[in-house]
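**Student:** Structure below; questions to follow.
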Amino acid sequence: MARDVSNGDKRSGLDARKANKRGAARLAAVQALYQMDLAGSGLNDILAEFESHWLGREVEGAQYLPAEAAFFRDVVSGVVRDQRLLDPMIDEALERTWPLKRIEAVLRAALRAGAYELQHRRDVPARVVVSEYADVAAAFVERDETGMVNAVLDQLARKLRAEEFAA
């Protein structure tokens with residue numbers, strides 16, 4: 001599993017630390033959603049497990065970055081709560097020959113988390129959401145699949161937040 005999700009921002013001080021903690025929260029959210037999808041873990045169990053054993057801790061010799069726990073909880077619980085609304089939006093953005101149910105579990109998790117943020121986290125610019133989840137996907141899959149995550153989330157961003165692209 002990937003651990004370092006520093007996004008290379010040239011921000012300074014508090015902004016860079018906050019961005020780094022959110023990047024780590026996004027990575028952890030995708031991992032948690034992936035684990036829920038495969039193992040059938042419940043929401044409360046997965047939140048407790050990640051917050052007590054993963055976020056900002058050393059696991060199997062690898063140091064996980066500190067994450068913004070509230071942001072992590074919001075994304076994971078929001079995806080679980082809104083999955084019935086998010087999945088059709090993602091399906092519409094995917095090619096008809098590759099419905100969401102045929103997409104690898106970790107990519108489904110990244111797409112769902114990104115779609116959730118685009119729909120509900122207006123405090124985060126759409127372009128940041130797209131870029132961050134493409135980076136998270138890159139920690140797990142090959143470049144072509146990362147491009148698919150980027151393209152689908154970009155399409156959703158332009159639909160859900162057209163005002164951010166109208167310049």
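Please note that chains go A, B, ... in the order of the structure tokens, that every chain numbers its residues from 1, and that ligands are numbered from 1 in the order shown.
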With 7 Å as the cut-off and only C-alpha atoms counted, what is the closest atom pair between each nearby residue of stretch 76-111 of chain A and stretch 135-155 of chain A? Distances in Å to one decimal, ordered by chain and number, as CSV.

**Tutor:**
residue,atom,partner,partner_atom,distance
A:Ala93,CA,A:Val152,CA,5.7
A:Leu94,CA,A:Val152,CA,6.4
A:Leu107,CA,A:Ala137,CA,6.6
A:Ala110,CA,A:Ala137,CA,6.5
A:Leu111,CA,A:Val149,CA,6.4

**Student:** Do a neighbour search on A:His120 at 12 Å with only C-alpha atoms, toss out local chain neighbours closer than 6 positions, and write the hits as a list in words.

**Tutor:** Phe71, Asp74, Val75, Gly78, Val79, Arg81, Asp82, Leu86, Arg112, Ala113, Gly114, Ala126, Val129, Ala157, Leu160 and Arg161 of chain A

**Student:** When you draw a straight line from atom CA of A:Val128 to atom CA of A:Ala105, how long is it in Å?

**Tutor:**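 It comes out at 22.5 Å.
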
**Student:** Would you mind writing down, as a PyMOL selection string, each residue of stretch 39-149 of chain A that DSSP on the backbone assigns to strand (DSSP E)?

**Tutor:** chain A and resi 58-59+62-63

**Student:** Would you mind exporting C-alpha atoms of the selected residues as a short mmCIF file (atom, residue, chain, number, x, y, z; two decimals), in the first residue's frame?

**Tutor:**
data_model
loop_
_atom_site.label_atom_id
_atom_site.label_comp_id
_atom_site.auth_asym_id
_atom_site.auth_seq_id
_atom_site.Cartn_x
_atom_site.Cartn_y
_atom_site.Cartn_z
CA GLU A 58 3.68 2.87 11.60
CA VAL A 59 2.15 -0.25 10.06
CA ALA A 62 5.93 1.74 6.93
CA GLN A 63 5.09 5.15 8.37
#
